[in-house]
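Q: I have a structure I would like to understand better, so I am pasting it below and will then ask my questions one at a time.
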Amino acid sequence: MPNLVEKIIRAHLVDGEMVAGREIGLRIDQTLTQDATGTMAYLQFESLGLERVKTDLSVSYVDHNMLQGDFRNADDHRYLQTVAARYGITFSRPGNGICHQVHLERFGVPGKTLLGADSHTPTGGGLGMIAIGAGGLDVAVAMAGSPFYVPMPKVMQVFLSGKLPEWATAKDVILELLRRLSVKGGVGRILEYGGPGLASLNVPQRATITNMGAELGATTSVFPSDEATRAFLQAQGRDDDWVALGPDPDAAYDERIEVDLSQLEPLVACPHSPDRVVPIGDLVGQRVDQVCIGSCTNSSVVDLEMVAAMLKGRTVAPGTSLTISPGSKQALTMIARSGALADLVAAGARVLEAGCGPCIGMGQAPASGATTLRSFNRNFFGRSGTADADIYLGSAEVCAASALAGAFCDPRSLGAQPEIVMPSAFVIDDNMIVAPPKDGAEVEVLRGPNIKPLPTRGALEDAVEGELLLVTGDNITTDHIMPAGAQILPFRSNVPALSDFVFARVDPTFPERARAAGGGIIVGGENYGQGSSREHAALVPMYLGVTALLVKSFSRIHQANLLNVGILPLTFADPADYDRLQQGDTLRIGDIRATLGAGANLTVEDVTQGFSIEAECQLSARQMAVLLAGGALNHSKQATK
Ligand code: MIC
Ligand code: SF4
């Protein structure tokens, strides 16, 4: 009997069989993009030559590149707004909020599929959607009406029992799962939440959990659509979007894990990985220099009202800076009307505009060697913008308590928790959401000088030879490969400029060495490319001439992005061979087309050391065609010839 995941997937299955690990093609109902990935995604969409998107709904958000230090980000905003109008895409103006928060509030529909050019798209699973993050090109292709291909995941049931005790939060549910399963624990899986504990969690809480399922490496996470979902949609004035959806009573799952909510306590993730989770008690008393509350994980009106209630009548500790970035215009409007905003400001909080802000290092870089505690989802090395700062992650409650104390503080020491319930009516005003005209043919798409043409490459070569440019360790994130932040993000539509920053925080000599060597090969450990969906982490190395990646294992989105730009995504047949390869060696991979065609392992020759090893490259027929064409754009242009 089907579980909820199988029901939604079956209803959208256009290709393949629902057998775990096999590639399936899904019909995509809705797409979303944000400005840091969106410029590239729409350039790619334009190159597909269509007149209008073919989805039920496609929304373009502006939430990441909000610091307008010069013309670049503003030019991108203008491009995004005009290209949206041209091709039938709804546009969420800068200031309207973070894509995932706004999409949940205004557009998410239980039972639908959502593909987003951002890894936290699974936030929509809090409403009962199958919401998946992907590279911009995959989203562009979905906007063109083609299916989205993904390996059919295993379904893991997360059985929730009990009820959260005071001061334990939805954030602690997902931190507990990260503690138990690690940042690799969700790879190849969808987490389906169930059990008697569900009923006590409202949609904003559920969305916190599904949002940060991305940090488990999961394909996505999903909650049933039940009375709590109905209450949220009603409060958003969207009663008609509600349908009851859940697993069959005797549904089967590939795996099961149980979380007793009543046993949870406030938890904190330590630098530099979201799975380095400890109880708050282990850190109490240690100095905290900066606290940042917001991000797509914890910036709903419920979170902000809670923080305001905790800060009311008090002052943030003198040595600590507190920033608050509301998730949406709706949330900001509501705390303004309730008076909570005044309480935050009076307490000394630095209130920022609704957007990603410090989460992606767009401003508010902490001081040298500082400790920064954030209600966000990622604490990867260097992400705050200060290389030697330590980033910790916790609930909005732990953050607020610690901002007051100037040190890690267990909120349970503050007495009773303020009672904040989800509003029964949200303030609804979609005046910052621009619907596209019925016919966009006459709209002029405006491009600034920072928007450079897409880099391209030819068909895949039959042999590649090159220098082993870099050997990296396990769990390398896209923030290592292609960092973000205020200095770099403005170049997301300018690949030549961006190429100066590849691996900037790991080895700043990389771009120069890659250029001098005329490209080459990179070796990595487990879970290479985890984190963000940014296709720039594949596209820009391709531009620098990287032809192959040889690793112990890949993250799903990054592997797809590598294929999409025609980089060979190889895994070690014997992971022990990882230790034999040395940076600087010359590697040679020959007879690529015939070997891949025969489904055999490729031979990687270490010309310098004089030995050979085997590499796997298991691809579906579709993936093979994409790779051989030299990437997805070449492939789809060939297909439409
Ligand atoms: C992130 O949280 O890392 C980002 C910035 O939202 C990315 C997208 C990007 O790099 O533009 C993501 O999560 O996919
Ligand atoms: Fe924005 Fe941070 Fe969420 Fe990424 S994780 S979408 S940067 S708020």
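Just remember, in the structure tokens the first chain shown is A, the second B, etc., residues are 1-based per chain, and ligands are 1-based in the order shown.
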From a backbone DSSP assignment, name each residue in region 194-328 of chain A labelled helix (DSSP H, G or I), as a ChimeraX atom specification.

A: /A:196-200,203-216,227-235,239-241,261-263,280-282,301-311

Q: Just N, CA and C atoms for this one: save the residues we selected as a compact mmCIF listing (two decimals), in the first residue's frame.

A:
# COMPACT_ATOMS: atom_id res chain seq x y z
N PRO A 196 1.84 10.02 15.67
CA PRO A 196 0.95 10.85 16.48
C PRO A 196 1.53 12.22 16.85
N GLY A 197 2.85 12.36 16.72
CA GLY A 197 3.48 13.65 17.06
C GLY A 197 3.19 14.75 16.05
N LEU A 198 2.73 14.35 14.85
CA LEU A 198 2.48 15.33 13.79
C LEU A 198 1.50 16.42 14.20
N ALA A 199 0.44 15.97 14.85
CA ALA A 199 -0.70 16.85 15.10
C ALA A 199 -0.30 18.11 15.86
N SER A 200 0.74 18.01 16.68
CA SER A 200 1.11 19.16 17.51
C SER A 200 2.00 20.16 16.77
N VAL A 203 2.30 24.38 10.47
CA VAL A 203 3.03 24.40 9.19
C VAL A 203 4.36 25.16 9.29
N PRO A 204 4.43 26.33 9.93
CA PRO A 204 5.76 26.97 10.05
C PRO A 204 6.78 26.04 10.74
N GLN A 205 6.36 25.30 11.74
CA GLN A 205 7.29 24.37 12.39
C GLN A 205 7.69 23.24 11.43
N ARG A 206 6.71 22.71 10.73
CA ARG A 206 6.99 21.63 9.76
C ARG A 206 7.96 22.13 8.69
N ALA A 207 7.77 23.38 8.28
CA ALA A 207 8.62 23.92 7.21
C ALA A 207 10.06 24.10 7.71
N THR A 208 10.23 24.40 8.98
CA THR A 208 11.59 24.47 9.53
C THR A 208 12.27 23.11 9.39
N ILE A 209 11.50 22.06 9.64
CA ILE A 209 12.05 20.70 9.60
C ILE A 209 12.35 20.28 8.16
N THR A 210 11.41 20.50 7.25
CA THR A 210 11.65 20.07 5.86
C THR A 210 12.74 20.92 5.21
N ASN A 211 12.78 22.20 5.59
CA ASN A 211 13.82 23.09 5.06
C ASN A 211 15.19 22.50 5.32
N MET A 212 15.44 22.13 6.54
CA MET A 212 16.79 21.73 6.92
C MET A 212 17.05 20.25 6.65
N GLY A 213 16.04 19.56 6.11
CA GLY A 213 16.29 18.21 5.61
C GLY A 213 17.33 18.27 4.49
N ALA A 214 17.45 19.45 3.86
CA ALA A 214 18.49 19.63 2.82
C ALA A 214 19.87 19.33 3.41
N GLU A 215 20.06 19.67 4.67
CA GLU A 215 21.39 19.46 5.29
C GLU A 215 21.68 17.98 5.53
N LEU A 216 20.65 17.13 5.49
CA LEU A 216 20.87 15.68 5.58
C LEU A 216 21.27 15.11 4.22
N GLU A 227 -5.20 18.53 9.13
CA GLU A 227 -5.92 19.68 9.69
C GLU A 227 -5.00 20.87 9.94
N ALA A 228 -3.75 20.60 10.31
CA ALA A 228 -2.79 21.70 10.54
C ALA A 228 -2.50 22.42 9.22
N THR A 229 -2.45 21.65 8.14
CA THR A 229 -2.21 22.24 6.82
C THR A 229 -3.41 23.09 6.43
N ARG A 230 -4.59 22.54 6.71
CA ARG A 230 -5.81 23.27 6.38
C ARG A 230 -5.86 24.61 7.15
N ALA A 231 -5.48 24.54 8.45
CA ALA A 231 -5.52 25.75 9.27
C ALA A 231 -4.58 26.81 8.70
N PHE A 232 -3.40 26.38 8.25
CA PHE A 232 -2.43 27.33 7.69
C PHE A 232 -2.97 27.94 6.39
N LEU A 233 -3.47 27.09 5.51
CA LEU A 233 -3.95 27.60 4.22
C LEU A 233 -5.16 28.51 4.41
N GLN A 234 -6.01 28.15 5.37
CA GLN A 234 -7.16 29.01 5.68
C GLN A 234 -6.67 30.37 6.16
N ALA A 235 -5.69 30.34 7.06
CA ALA A 235 -5.18 31.59 7.62
C ALA A 235 -4.48 32.43 6.55
N ASP A 239 -8.05 28.58 1.37
CA ASP A 239 -8.78 27.35 1.72
C ASP A 239 -8.89 26.40 0.54
N ASP A 240 -9.09 27.00 -0.65
CA ASP A 240 -9.34 26.17 -1.82
C ASP A 240 -8.14 25.31 -2.23
N ASP A 241 -6.98 25.69 -1.78
CA ASP A 241 -5.78 24.92 -2.14
C ASP A 241 -5.61 23.66 -1.28
N LEU A 261 9.29 13.35 20.49
CA LEU A 261 9.42 14.81 20.64
C LEU A 261 9.59 15.20 22.10
N SER A 262 8.96 14.44 22.99
CA SER A 262 8.99 14.84 24.40
C SER A 262 10.38 14.70 25.02
N GLN A 263 11.28 13.97 24.32
CA GLN A 263 12.63 13.79 24.87
C GLN A 263 13.61 14.85 24.37
N ILE A 280 22.70 22.25 24.17
CA ILE A 280 23.11 23.61 24.52
C ILE A 280 23.94 23.62 25.82
N GLY A 281 23.63 22.69 26.70
CA GLY A 281 24.33 22.62 27.99
C GLY A 281 25.85 22.53 27.84
N ASP A 282 26.33 21.93 26.75
CA ASP A 282 27.77 21.79 26.54
C ASP A 282 28.46 23.12 26.27
N VAL A 301 6.55 34.53 11.04
CA VAL A 301 6.02 35.46 12.03
C VAL A 301 5.98 34.81 13.43
N VAL A 302 5.79 33.50 13.46
CA VAL A 302 5.74 32.80 14.76
C VAL A 302 7.11 32.89 15.44
N ASP A 303 8.17 32.65 14.68
CA ASP A 303 9.52 32.76 15.24
C ASP A 303 9.80 34.19 15.71
N LEU A 304 9.43 35.15 14.88
CA LEU A 304 9.77 36.54 15.20
C LEU A 304 8.99 37.03 16.41
N GLU A 305 7.72 36.62 16.52
CA GLU A 305 6.93 37.00 17.69
C GLU A 305 7.54 36.40 18.96
N MET A 306 8.02 35.17 18.86
CA MET A 306 8.65 34.51 20.01
C MET A 306 9.90 35.28 20.46
N VAL A 307 10.73 35.63 19.48
CA VAL A 307 11.97 36.36 19.80
C VAL A 307 11.62 37.70 20.44
N ALA A 308 10.64 38.38 19.88
CA ALA A 308 10.25 39.69 20.42
C ALA A 308 9.75 39.56 21.85
N ALA A 309 8.96 38.51 22.10
CA ALA A 309 8.44 38.32 23.46
C ALA A 309 9.60 38.09 24.44
N MET A 310 10.63 37.39 23.99
CA MET A 310 11.76 37.12 24.87
C MET A 310 12.60 38.38 25.11
N LEU A 311 12.68 39.26 24.10
CA LEU A 311 13.53 40.45 24.22
C LEU A 311 12.82 41.63 24.87

Q: List all protein, DNA and RNA residues that have any atom at most 6 Å from ligand 1, counting only C-alpha atoms and all ligand atoms, and write the list as JSON, numbers by chain.

A: {"A": [36, 37, 118, 119, 120, 360, 532, 533, 534]}

Q: Any chance you could export the current selection's C-alpha atoms as a JSON list (two decimals), in the first residue's frame?

A:
[["chain", "number", "residue", "atom", "x", "y", "z"],
["A", 36, "ALA", "CA", 21.59, 34.24, -7.23],
["A", 37, "THR", "CA", 20.73, 31.19, -9.33],
["A", 118, "ASP", "CA", 17.78, 26.47, -4.54],
["A", 119, "SER", "CA", 18.64, 23.58, -2.27],
["A", 120, "HIS", "CA", 16.13, 24.59, 0.41],
["A", 360, "ILE", "CA", 24.72, 33.91, 2.57],
["A", 532, "SER", "CA", 23.81, 24.59, -2.25],
["A", 533, "SER", "CA", 22.24, 23.86, -5.63],
["A", 534, "ARG", "CA", 24.44, 26.49, -7.31]]

Q: If we count only C-alpha atoms and set the cut-off at 9 Å, which residues sit around region 362-371 of chain A, ignoring sequence neighbours fewer than 4 positions away in its own chain? Please answer as a list in words.

A: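 Result of the neighbour search: His64, Asn65, Met66, Leu67, Arg287, Val288, Asp289, Gln290, Val291, Cys292, Thr323, Cys356, Gly357, Pro358, Ser384, Gly385, Thr386, Ala387, Asp388, Ala389, Asp390, Ile391, Tyr392, Ala484, Gly485, Ala486, Gln487 and Leu489 of chain A.
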
Q: Counting only C-alpha atoms and all ligand atoms, which of A:Gly524, A:Pro437, A:Gly631, A:Gly97 gets nearest to ligand 2?

A: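 Closest to ligand 2, using only C-alpha atoms and all ligand atoms: A:Gly97.
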
Q: Based on the backbone DSSP call, show me all residues of region 540-633 of chain A assigned strand (DSSP E), as a list in words.

A: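 Checking each residue of region 540-633 of chain A, the strand (DSSP E) ones are Val546, Thr547, Ala548, Leu549, Leu550, Val551, Leu568, Pro569, Leu570, Thr571, Phe572, Thr586, Leu587, Arg588, Ile589, Leu602, Thr603, Val604, Glu605, Asp606, Phe611, Ser612, Ile613, Glu614, Ala615 and Glu616 of chain A.
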
Q: Which residues are near region 569-571 of chain A? Cut-off 7 Å, only C-alpha atoms, ignore same chain within fewer than 2 positions. Put them as a list in words.

A: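 The residues that qualify are Ala548, Leu549, Leu550, Val551, Lys552, Ser553, Gln559, Leu562, Leu563, Ile567, Ala573, Ala615, Glu616 and Cys617 of chain A.
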
Q: List the spatial neighbours of Ala516 (chain A) as number ranges by chain - criterion: any atom at most 12 Å away, only C-alpha atoms, same-chain residues fewer than 4 positions off excluded.

A: A: 466-467, 469, 509-512, 520, 544-545

Q: Which of these residues is nearest to ligand 2, using only C-alpha atoms and all ligand atoms: A:Gly135, A:Gly584, A:Gly116, A:Gly566?

A: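 Among the listed residues, the smallest separation from ligand 2 belongs to A:Gly116.
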
Q: Using only C-alpha atoms and all ligand atoms, pick whichever of A:Asn202, A:Thr39, A:Ser161, A:Asn379 has the shortest atom-to-atom distance to ligand 2.

A: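 The answer is A:Asn379, which sits nearest to ligand 2.
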
Q: In Å, with one decimal, what is the gap from CA of Lys452 (chain A) to CA of Phe491 (chain A)?

A: 9.5 Å
